[in-house]
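**Q** Please find one structure pasted underneath; my questions will follow.
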Amino acid sequence: MNLTNSDDNTFSRSRDLALFEAVLGEHSILTEESYEQRIELAEVIFHDDYDPKTKRNDIALLRLAEPARLNQRVSPACLPEEDVKVGSGSTCVVTGWGDTEEPETQYDVYQLMSDVLLEAEVPIVSYWSCRHRLPGYDVDRTSQVCAGYTEGGVDTCQGDSGGPLMCESRDGHWFLYGITSYGEGCAQPRTPAVYTRVPAMVAWIRAHTGDSSATYIPRAVPQAAATV
C-alpha cells in the first residue's frame, strides 16, 4: 500500500468553522457506521510560528464543542515527553485515507483516495540521510522527522496529511511521534516523507490545552541497530 503528503492545509484561517466537524471512530468514508461520533468544532488553534515555506511547526489543534464518548473505537493518543527520540531504522505505523498510488493529475487525487482507513509500517530515517535524500528541502532536525524505505513502495500520499505516525514503546504502548506533513511524490525510492516531530510540540500542546494528563511517558522507546 502507498499511503504523499499534501502541501494543502485542511483548514484555512479564513474559512468558516461551521463548515467542518470532527468524525470520531471513522473507518469507511462512504459508509455511515453506527459507532461514529460527529462533533462540531468550537475552535481551531494554529501554531503561530508555522512556516508555509519549510512546513516547520505544521500542526493545529481542534477543540471539540462537546466531549467525546470514549470507548473501544474512540480513545486518545498517548503523547511522548519532549526528550523522546526514536532511533533510525525503528518501524512505526502511519494511517490515513489518502491516495493508494501517486496521482498524475489533481483530478486523480480524489479518485485514488481510499474509502477505508489504511495503515502501513515505515522505518524512521536519520536526519542526515533525510537531508541527503531531500536536497531541495530545509528539513529541521528539531521539529521534523523523516520516515520511509530506501527502495520506496510504501509511504503516505496525497490526502494523508495531518494523520499520525505512531510508534510503539517496549512495554507495548503506542504514542504519537509524528504528524504527516509533506513529501516529494508518493513512495518513490530514496525519498522519505517528512513529519512534524510531536515531542517538539508537546510544550505547545500543553500550553493550549491546559492539561498534561494525556501525556504518557514511554519507559523505553525502541532503538534499532540498523541505520536507514
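Residues are referred to by chain and number: the chain letter is A, B, ... according to the order shown in the C-alpha cells, the number counts from 1 in that chain, and ligands are numbered separately from 1 in the order shown.
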Quick one: residues within 7 Å of stretch 25-41 of chain A, only C-alpha atoms, excluding same-chain residues fewer than 4 positions away - as a PyMOL selection string?
**A** chain A and resi 17+20-21+62-66+73-74+115-117
**Q** Just write the chosen residues, all heavy atoms, as a CSV table (one decimal), in the first residue's frame.
**A**
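Contents of out_5.csv, as written:
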```csv
chain,number,residue,atom,x,y,z
A,17,LEU,N,-15.7,28.1,10.4
A,17,LEU,CA,-15.6,26.9,11.3
A,17,LEU,C,-16.8,26.0,11.2
A,17,LEU,O,-16.7,24.8,11.3
A,17,LEU,CB,-15.3,27.4,12.7
A,17,LEU,CG,-14.9,26.3,13.7
A,17,LEU,CD1,-13.5,25.8,13.3
A,17,LEU,CD2,-14.8,26.9,15.1
A,20,PHE,N,-17.0,22.7,9.1
A,20,PHE,CA,-16.2,21.5,9.4
A,20,PHE,C,-16.8,20.8,10.7
A,20,PHE,O,-17.4,21.5,11.5
A,20,PHE,CB,-14.7,21.8,9.7
A,20,PHE,CG,-14.1,22.5,8.5
A,20,PHE,CD1,-14.0,23.9,8.3
A,20,PHE,CD2,-13.6,21.7,7.5
A,20,PHE,CE1,-13.5,24.4,7.2
A,20,PHE,CE2,-13.0,22.3,6.3
A,20,PHE,CZ,-12.9,23.6,6.2
A,21,GLU,N,-16.5,19.5,10.8
A,21,GLU,CA,-16.8,18.8,12.0
A,21,GLU,C,-15.8,17.7,12.2
A,21,GLU,O,-15.1,17.3,11.3
A,21,GLU,CB,-18.2,18.2,11.9
A,21,GLU,CG,-18.4,17.2,10.9
A,21,GLU,CD,-19.8,16.6,10.8
A,21,GLU,OE1,-20.6,16.9,11.7
A,21,GLU,OE2,-20.1,15.8,9.9
A,62,LEU,N,-7.7,20.9,17.3
A,62,LEU,CA,-9.1,21.1,17.1
A,62,LEU,C,-9.8,21.0,18.5
A,62,LEU,O,-9.7,19.9,19.2
A,62,LEU,CB,-9.7,20.1,16.2
A,62,LEU,CG,-9.0,19.9,14.8
A,62,LEU,CD1,-9.8,18.8,14.0
A,62,LEU,CD2,-9.0,21.2,14.1
A,63,ARG,N,-10.5,22.0,18.9
A,63,ARG,CA,-11.2,21.9,20.2
A,63,ARG,C,-12.6,21.6,19.9
A,63,ARG,O,-13.3,22.2,19.1
A,63,ARG,CB,-11.1,23.3,20.9
A,63,ARG,CG,-11.6,23.2,22.4
A,63,ARG,CD,-11.7,24.6,23.1
A,63,ARG,NE,-10.3,25.2,23.0
A,63,ARG,CZ,-9.4,24.9,23.9
A,63,ARG,NH1,-9.6,24.0,24.8
A,63,ARG,NH2,-8.2,25.6,23.8
A,64,LEU,N,-13.1,20.5,20.5
A,64,LEU,CA,-14.5,20.0,20.2
A,64,LEU,C,-15.5,20.8,21.0
A,64,LEU,O,-15.2,21.3,22.1
A,64,LEU,CB,-14.6,18.5,20.6
A,64,LEU,CG,-13.6,17.5,19.9
A,64,LEU,CD1,-13.9,16.1,20.4
A,64,LEU,CD2,-13.7,17.6,18.4
A,65,ALA,N,-16.7,20.9,20.4
A,65,ALA,CA,-17.7,21.7,21.0
A,65,ALA,C,-18.3,20.9,22.2
A,65,ALA,O,-19.0,21.5,23.1
A,65,ALA,CB,-18.8,22.0,20.0
A,66,GLU,N,-18.1,19.6,22.2
A,66,GLU,CA,-18.6,18.8,23.4
A,66,GLU,C,-17.6,17.6,23.5
A,66,GLU,O,-16.9,17.3,22.6
A,66,GLU,CB,-20.0,18.3,23.1
A,66,GLU,CG,-20.1,17.4,21.8
A,66,GLU,CD,-21.5,17.0,21.6
A,66,GLU,OE1,-22.3,17.8,21.0
A,66,GLU,OE2,-21.9,15.8,21.9
A,73,ARG,N,-13.5,2.1,20.3
A,73,ARG,CA,-13.2,2.6,19.0
A,73,ARG,C,-12.8,4.1,19.0
A,73,ARG,O,-12.2,4.6,18.1
A,73,ARG,CB,-14.5,2.5,18.1
A,73,ARG,CG,-14.8,1.1,17.7
A,73,ARG,CD,-16.0,1.1,16.7
A,73,ARG,NE,-16.3,-0.3,16.3
A,73,ARG,CZ,-15.7,-0.9,15.3
A,73,ARG,NH1,-14.7,-0.3,14.6
A,73,ARG,NH2,-16.0,-2.1,14.9
A,74,VAL,N,-13.0,4.8,20.1
A,74,VAL,CA,-12.6,6.2,20.3
A,74,VAL,C,-11.8,6.3,21.6
A,74,VAL,O,-12.4,6.2,22.7
A,74,VAL,CB,-13.8,7.1,20.3
A,74,VAL,CG1,-13.4,8.5,20.5
A,74,VAL,CG2,-14.6,7.0,19.0
A,115,ASP,N,-11.4,4.4,0.5
A,115,ASP,CA,-12.7,4.5,1.2
A,115,ASP,C,-12.5,4.2,2.7
A,115,ASP,O,-13.1,4.8,3.5
A,115,ASP,CB,-13.7,3.6,0.6
A,115,ASP,CG,-15.0,3.5,1.4
A,115,ASP,OD1,-15.4,4.5,2.0
A,115,ASP,OD2,-15.5,2.3,1.6
A,116,VAL,N,-11.7,3.2,3.0
A,116,VAL,CA,-11.5,2.7,4.3
A,116,VAL,C,-10.1,3.2,4.9
A,116,VAL,O,-9.2,3.4,4.1
A,116,VAL,CB,-11.6,1.2,4.4
A,116,VAL,CG1,-13.0,0.8,4.0
A,116,VAL,CG2,-10.6,0.5,3.6
A,117,LEU,N,-10.0,3.2,6.2
A,117,LEU,CA,-8.7,3.6,6.8
A,117,LEU,C,-7.7,2.6,6.6
A,117,LEU,O,-7.9,1.4,6.8
A,117,LEU,CB,-9.0,3.8,8.3
A,117,LEU,CG,-7.8,4.3,9.1
A,117,LEU,CD1,-7.3,5.7,8.7
A,117,LEU,CD2,-8.1,4.3,10.6
```
**Q** Could you give me, as a Markdown table, a per-residue list for stretch 138-201 of chain A showing, wherever an atom lies at most 6 Å from an atom of stretch 120-130 of chain A, the closest pair of atoms and their distance in Å to one decimal, using only C-alpha atoms and sorting by chain then residue number from low to high?
**A**
```
| residue | atom | partner | partner_atom | distance |
| --- | --- | --- | --- | --- |
| A:Cys146 | CA | A:Val125 | CA | 5.3 |
| A:Ala147 | CA | A:Ile124 | CA | 4.3 |
| A:Gly148 | CA | A:Val122 | CA | 5.2 |
```
**Q** Given the selection you just returned, output its residues as a file containing C-alpha atoms, formatted as a PDB file, in the first residue's frame.
**A**
```pdb
ATOM      1  CA  CYS A 146      11.554  11.538   8.315  1.00  0.00           C
ATOM      2  CA  ALA A 147      10.359   8.021   7.558  1.00  0.00           C
ATOM      3  CA  GLY A 148      10.337   5.759   4.519  1.00  0.00           C
TER       4      GLY A 148
END
```
**Q** If you count only C-alpha atoms, which residues fall within 12 Å of A:Trp97, apart from same-chain ones fewer than 5 positions away, as a ChimeraX atom specification?
**A** /A:1-5,26-30,109-120,156-164
**Q** Let's see if you can do this: from backbone DSSP, list all alpha helix (DSSP H) residues in chain A, as a CSV table (one decimal) with all heavy atoms, in the first residue's frame.
**A**
```csv
chain,number,residue,atom,x,y,z
A,106,GLN,N,-4.3,16.5,-10.7
A,106,GLN,CA,-5.1,17.0,-9.5
A,106,GLN,C,-6.4,16.2,-9.4
A,106,GLN,O,-6.9,15.9,-8.3
A,106,GLN,CB,-5.3,18.5,-9.5
A,106,GLN,CG,-5.9,19.1,-8.3
A,106,GLN,CD,-5.0,18.9,-7.1
A,106,GLN,OE1,-3.7,18.9,-7.2
A,106,GLN,NE2,-5.5,18.7,-5.9
A,107,TYR,N,-7.0,15.9,-10.5
A,107,TYR,CA,-8.3,15.2,-10.5
A,107,TYR,C,-8.1,13.8,-9.9
A,107,TYR,O,-8.9,13.2,-9.2
A,107,TYR,CB,-8.8,15.1,-12.0
A,107,TYR,CG,-10.1,14.3,-12.1
A,107,TYR,CD1,-11.3,14.8,-11.7
A,107,TYR,CD2,-10.0,12.9,-12.6
A,107,TYR,CE1,-12.5,14.1,-11.8
A,107,TYR,CE2,-11.2,12.2,-12.7
A,107,TYR,CZ,-12.4,12.8,-12.3
A,107,TYR,OH,-13.6,12.0,-12.4
A,108,ASP,N,-6.9,13.2,-10.2
A,108,ASP,CA,-6.7,11.8,-9.7
A,108,ASP,C,-6.6,11.8,-8.2
A,108,ASP,O,-6.8,10.7,-7.6
A,108,ASP,CB,-5.3,11.3,-10.3
A,108,ASP,CG,-5.5,11.0,-11.8
A,108,ASP,OD1,-6.6,10.9,-12.3
A,108,ASP,OD2,-4.4,11.1,-12.5
A,109,VAL,N,-6.2,12.9,-7.6
A,109,VAL,CA,-6.1,12.9,-6.1
A,109,VAL,C,-7.3,12.4,-5.4
A,109,VAL,O,-7.2,11.6,-4.5
A,109,VAL,CB,-5.7,14.4,-5.6
A,109,VAL,CG1,-5.8,14.4,-4.1
A,109,VAL,CG2,-4.4,14.8,-6.1
A,110,TYR,N,-8.5,12.8,-5.9
A,110,TYR,CA,-9.7,12.4,-5.3
A,110,TYR,C,-10.2,11.0,-5.7
A,110,TYR,O,-10.8,10.3,-5.0
A,110,TYR,CB,-10.8,13.4,-5.6
A,110,TYR,CG,-10.4,14.8,-5.1
A,110,TYR,CD1,-9.9,15.8,-6.0
A,110,TYR,CD2,-10.5,15.1,-3.7
A,110,TYR,CE1,-9.5,17.0,-5.5
A,110,TYR,CE2,-10.2,16.4,-3.3
A,110,TYR,CZ,-9.7,17.3,-4.2
A,110,TYR,OH,-9.3,18.6,-3.7
A,111,GLN,N,-9.8,10.6,-7.0
A,111,GLN,CA,-10.2,9.3,-7.5
A,111,GLN,C,-9.5,8.2,-6.9
A,111,GLN,O,-10.0,7.1,-6.8
A,111,GLN,CB,-10.0,9.3,-9.0
A,111,GLN,CG,-10.9,10.3,-9.8
A,111,GLN,CD,-12.4,10.1,-9.6
A,111,GLN,OE1,-12.8,9.0,-9.7
A,111,GLN,NE2,-13.1,11.2,-9.3
A,127,TYR,N,18.3,11.9,10.4
A,127,TYR,CA,18.2,13.3,9.9
A,127,TYR,C,19.2,13.5,8.8
A,127,TYR,O,18.8,14.1,7.7
A,127,TYR,CB,18.6,14.3,11.1
A,127,TYR,CG,18.9,15.7,10.6
A,127,TYR,CD1,17.9,16.5,10.2
A,127,TYR,CD2,20.2,16.2,10.6
A,127,TYR,CE1,18.1,17.8,9.8
A,127,TYR,CE2,20.5,17.5,10.2
A,127,TYR,CZ,19.4,18.3,9.8
A,127,TYR,OH,19.7,19.6,9.4
A,128,TRP,N,20.4,13.1,8.9
A,128,TRP,CA,21.4,13.3,7.8
A,128,TRP,C,21.1,12.6,6.5
A,128,TRP,O,21.2,13.1,5.4
A,128,TRP,CB,22.8,12.9,8.3
A,128,TRP,CG,23.3,13.8,9.4
A,128,TRP,CD1,23.5,13.4,10.7
A,128,TRP,CD2,23.6,15.2,9.3
A,128,TRP,NE1,23.8,14.5,11.5
A,128,TRP,CE2,23.9,15.6,10.6
A,128,TRP,CE3,23.6,16.1,8.3
A,128,TRP,CZ2,24.3,16.9,10.9
A,128,TRP,CZ3,23.9,17.4,8.6
A,128,TRP,CH2,24.3,17.8,9.9
A,129,SER,N,20.5,11.4,6.7
A,129,SER,CA,20.1,10.6,5.5
A,129,SER,C,18.9,11.4,4.8
A,129,SER,O,18.8,11.5,3.6
A,129,SER,CB,19.6,9.2,5.8
A,129,SER,OG,20.7,8.4,6.2
A,130,CYS,N,18.0,11.9,5.6
A,130,CYS,CA,16.9,12.6,5.1
A,130,CYS,C,17.3,13.9,4.3
A,130,CYS,O,16.8,14.2,3.2
A,130,CYS,CB,15.9,13.0,6.2
A,130,CYS,SG,14.3,13.7,5.6
A,131,ARG,N,18.2,14.6,4.9
A,131,ARG,CA,18.7,15.8,4.3
A,131,ARG,C,19.4,15.5,2.9
A,131,ARG,O,19.3,16.2,2.0
A,131,ARG,CB,19.7,16.6,5.2
A,131,ARG,CG,19.1,17.3,6.4
A,131,ARG,CD,18.2,18.5,5.9
A,131,ARG,NE,19.0,19.5,5.2
A,131,ARG,CZ,19.5,20.6,5.7
A,131,ARG,NH1,19.4,20.8,7.0
A,131,ARG,NH2,20.2,21.4,5.0
A,132,HIS,N,20.1,14.4,2.9
A,132,HIS,CA,20.8,14.0,1.7
A,132,HIS,C,19.8,13.6,0.6
A,132,HIS,O,20.0,13.8,-0.6
A,132,HIS,CB,21.7,12.8,2.0
A,132,HIS,CG,22.4,12.2,0.8
A,132,HIS,ND1,23.4,12.9,0.1
A,132,HIS,CD2,22.2,11.1,0.2
A,132,HIS,CE1,23.8,12.2,-0.9
A,132,HIS,NE2,23.1,11.0,-0.9
A,133,ARG,N,18.7,12.9,1.0
A,133,ARG,CA,17.7,12.4,0.1
A,133,ARG,C,16.7,13.5,-0.4
A,133,ARG,O,16.0,13.3,-1.4
A,133,ARG,CB,17.0,11.2,0.6
A,133,ARG,CG,18.0,10.0,0.9
A,133,ARG,CD,17.3,8.9,1.6
A,133,ARG,NE,18.2,7.8,1.9
A,133,ARG,CZ,17.9,6.7,2.5
A,133,ARG,NH1,16.6,6.4,2.8
A,133,ARG,NH2,18.8,5.8,2.9
A,202,VAL,N,5.1,19.2,22.2
A,202,VAL,CA,4.3,18.8,23.4
A,202,VAL,C,4.1,20.1,24.3
A,202,VAL,O,3.0,20.3,24.9
A,202,VAL,CB,5.0,17.7,24.2
A,202,VAL,CG1,4.4,17.5,25.6
A,202,VAL,CG2,4.9,16.4,23.4
A,203,ALA,N,5.1,20.9,24.5
A,203,ALA,CA,5.0,22.1,25.3
A,203,ALA,C,3.9,23.0,24.7
A,203,ALA,O,3.1,23.6,25.5
A,203,ALA,CB,6.3,22.8,25.4
A,204,TRP,N,3.9,23.2,23.4
A,204,TRP,CA,2.9,24.0,22.7
A,204,TRP,C,1.5,23.4,22.9
A,204,TRP,O,0.5,24.1,23.2
A,204,TRP,CB,3.2,24.1,21.3
A,204,TRP,CG,2.2,24.9,20.5
A,204,TRP,CD1,2.2,26.2,20.3
A,204,TRP,CD2,1.1,24.4,19.7
A,204,TRP,NE1,1.1,26.6,19.5
A,204,TRP,CE2,0.4,25.5,19.1
A,204,TRP,CE3,0.6,23.1,19.5
A,204,TRP,CZ2,-0.7,25.3,18.3
A,204,TRP,CZ3,-0.5,23.0,18.6
A,204,TRP,CH2,-1.1,24.1,18.1
A,205,ILE,N,1.4,22.1,22.8
A,205,ILE,CA,0.1,21.4,23.0
A,205,ILE,C,-0.4,21.6,24.5
A,205,ILE,O,-1.6,22.0,24.7
A,205,ILE,CB,0.2,19.9,22.7
A,205,ILE,CG1,0.5,19.7,21.2
A,205,ILE,CG2,-1.0,19.1,23.2
A,205,ILE,CD1,0.8,18.2,20.9
A,206,ARG,N,0.5,21.4,25.4
A,206,ARG,CA,0.1,21.6,26.8
A,206,ARG,C,-0.3,23.1,27.1
A,206,ARG,O,-1.3,23.3,27.8
A,206,ARG,CB,1.3,21.3,27.7
A,206,ARG,CG,1.6,19.8,27.9
A,206,ARG,CD,2.8,19.6,28.7
A,206,ARG,NE,3.1,18.2,29.0
A,206,ARG,CZ,4.2,17.7,29.5
A,206,ARG,NH1,5.2,18.5,29.7
A,206,ARG,NH2,4.3,16.4,29.8
A,207,ALA,N,0.4,24.0,26.5
A,207,ALA,CA,0.1,25.4,26.7
A,207,ALA,C,-1.3,25.8,26.2
A,207,ALA,O,-2.0,26.7,26.8
A,207,ALA,CB,1.1,26.3,26.0
A,208,HIS,N,-1.8,25.1,25.2
A,208,HIS,CA,-3.1,25.4,24.6
A,208,HIS,C,-4.2,24.5,25.1
A,208,HIS,O,-5.4,24.8,24.8
A,208,HIS,CB,-3.0,25.4,23.1
A,208,HIS,CG,-2.3,26.6,22.5
A,208,HIS,ND1,-0.9,26.6,22.4
A,208,HIS,CD2,-2.7,27.8,22.0
A,208,HIS,CE1,-0.5,27.7,21.9
A,208,HIS,NE2,-1.5,28.5,21.7
A,209,THR,N,-3.9,23.4,25.7
A,209,THR,CA,-4.9,22.6,26.3
A,209,THR,C,-5.1,22.7,27.8
A,209,THR,O,-6.1,22.4,28.3
A,209,THR,CB,-4.7,21.1,26.0
A,209,THR,OG1,-3.4,20.7,26.5
A,209,THR,CG2,-4.6,20.8,24.5
```
**Q** Find the spatial neighbours of A:Leu165, counting only C-alpha atoms, within a cut-off of 7 Å - ignore same-chain residues fewer than 2 positions away - and output them as a list in words.
**A**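 The residues that qualify are Cys92, Val93, Val94, Gly163, Cys167, Leu176, Tyr177, Gly178, Ile179 and Thr180 of chain A.
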**Q** For a test of reading the model, state the distance in Å between atom CA of A:Pro135 and atom CA of A:Tyr182, rounded to one decimal.
**A** 14.2 Å
**Q** Compile the contact shell of A:Asp49 as a ChimeraX atom specification: residues with an atom at most 12 Å away, counting only C-alpha atoms, same-chain residues fewer than 3 positions apart removed.
**A** /A:45-46,52-60,143,201,204
**Q** Contacts of stretch 188-191 of chain A at 6 Å or less, counting only C-alpha atoms, minus same-chain residues fewer than 5 places along, as a ChimeraX atom specification?
**A** /A:133,150-152
**Q** Next, dump the selected residues to file, keeping only C-alpha atoms, as a PDB file, in the first residue's frame.
**A**
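Listing of selection-v1.pdb after writing:
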```pdb
ATOM      1  CA  ARG A 133      17.743  12.419   0.056  1.00  0.00           C
ATOM      2  CA  THR A 150      15.180   3.183   0.683  1.00  0.00           C
ATOM      3  CA  GLU A 151      13.523   1.117  -2.055  1.00  0.00           C
ATOM      4  CA  GLY A 152      10.246   3.061  -1.799  1.00  0.00           C
TER       5      GLY A 152
END
```
**Q** Select from stretch 11-188 of chain A everything DSSP, run on the backbone, classes as strand (DSSP E or B), then give the selection as an MDAnalysis selection string.
**A** chainID A and resid 21:24 28 37:46 60:64 78:79 91:96 99 113 116 118:125 144:147 164:168 174:182
**Q** Dump C-alpha atoms for the selected residues as an mmCIF file, in the first residue's frame?
**A**
```
data_model
loop_
_atom_site.group_PDB
_atom_site.id
_atom_site.type_symbol
_atom_site.label_atom_id
_atom_site.label_comp_id
_atom_site.auth_asym_id
_atom_site.auth_seq_id
_atom_site.Cartn_x
_atom_site.Cartn_y
_atom_site.Cartn_z
ATOM 1 C CA GLU A 21 -16.832 18.812 12.024
ATOM 2 C CA ALA A 22 -14.813 16.087 13.704
ATOM 3 C CA VAL A 23 -15.767 12.492 12.909
ATOM 4 C CA LEU A 24 -14.521 10.133 15.608
ATOM 5 C CA SER A 28 -15.273 3.925 5.937
ATOM 6 C CA GLN A 37 -19.354 10.330 16.554
ATOM 7 C CA ARG A 38 -19.870 13.594 14.683
ATOM 8 C CA ILE A 39 -18.972 16.596 16.817
ATOM 9 C CA GLU A 40 -18.905 20.269 15.861
ATOM 10 C CA LEU A 41 -15.710 22.247 16.340
ATOM 11 C CA ALA A 42 -15.526 25.050 18.891
ATOM 12 C CA GLU A 43 -12.074 26.266 17.867
ATOM 13 C CA VAL A 44 -9.119 25.572 15.602
ATOM 14 C CA ILE A 45 -5.764 26.590 17.080
ATOM 15 C CA PHE A 46 -2.978 27.095 14.539
ATOM 16 C CA ALA A 60 -3.044 22.578 14.644
ATOM 17 C CA LEU A 61 -5.388 21.638 17.491
ATOM 18 C CA LEU A 62 -9.127 21.103 17.143
ATOM 19 C CA ARG A 63 -11.189 21.945 20.200
ATOM 20 C CA LEU A 64 -14.452 19.975 20.210
ATOM 21 C CA CYS A 78 -0.616 8.888 24.032
ATOM 22 C CA LEU A 79 1.739 11.845 23.839
ATOM 23 C CA THR A 91 9.495 0.723 12.472
ATOM 24 C CA CYS A 92 6.470 2.916 13.146
ATOM 25 C CA VAL A 93 2.949 2.980 11.678
ATOM 26 C CA VAL A 94 1.157 5.589 9.560
ATOM 27 C CA THR A 95 -2.584 5.640 8.854
ATOM 28 C CA GLY A 96 -4.879 7.548 6.527
ATOM 29 C CA ASP A 99 -4.276 8.012 -2.337
ATOM 30 C CA MET A 113 -8.284 8.034 -2.235
ATOM 31 C CA VAL A 116 -11.468 2.729 4.340
ATOM 32 C CA LEU A 118 -5.414 2.070 5.806
ATOM 33 C CA GLU A 119 -2.191 1.578 7.728
ATOM 34 C CA ALA A 120 1.403 0.943 6.744
ATOM 35 C CA GLU A 121 4.699 0.319 8.512
ATOM 36 C CA VAL A 122 7.563 2.702 7.736
ATOM 37 C CA PRO A 123 11.090 2.935 9.195
ATOM 38 C CA ILE A 124 12.431 6.111 10.787
ATOM 39 C CA VAL A 125 15.168 7.722 8.671
ATOM 40 C CA GLN A 144 10.683 17.385 11.944
ATOM 41 C CA VAL A 145 11.347 13.676 11.457
ATOM 42 C CA CYS A 146 11.554 11.538 8.315
ATOM 43 C CA ALA A 147 10.359 8.021 7.558
ATOM 44 C CA PRO A 164 -0.486 10.126 12.717
ATOM 45 C CA LEU A 165 2.927 8.483 12.748
ATOM 46 C CA MET A 166 2.604 6.133 15.724
ATOM 47 C CA CYS A 167 5.499 4.301 17.394
ATOM 48 C CA GLU A 168 5.402 1.516 19.965
ATOM 49 C CA TRP A 174 1.662 3.286 21.182
ATOM 50 C CA PHE A 175 2.361 7.008 21.160
ATOM 51 C CA LEU A 176 2.116 9.819 18.622
ATOM 52 C CA TYR A 177 5.616 10.563 17.331
ATOM 53 C CA GLY A 178 4.863 12.414 14.077
ATOM 54 C CA ILE A 179 2.175 14.173 12.053
ATOM 55 C CA THR A 180 2.159 13.663 8.270
ATOM 56 C CA SER A 181 3.380 16.928 6.724
ATOM 57 C CA TYR A 182 4.894 16.739 3.216
#
```
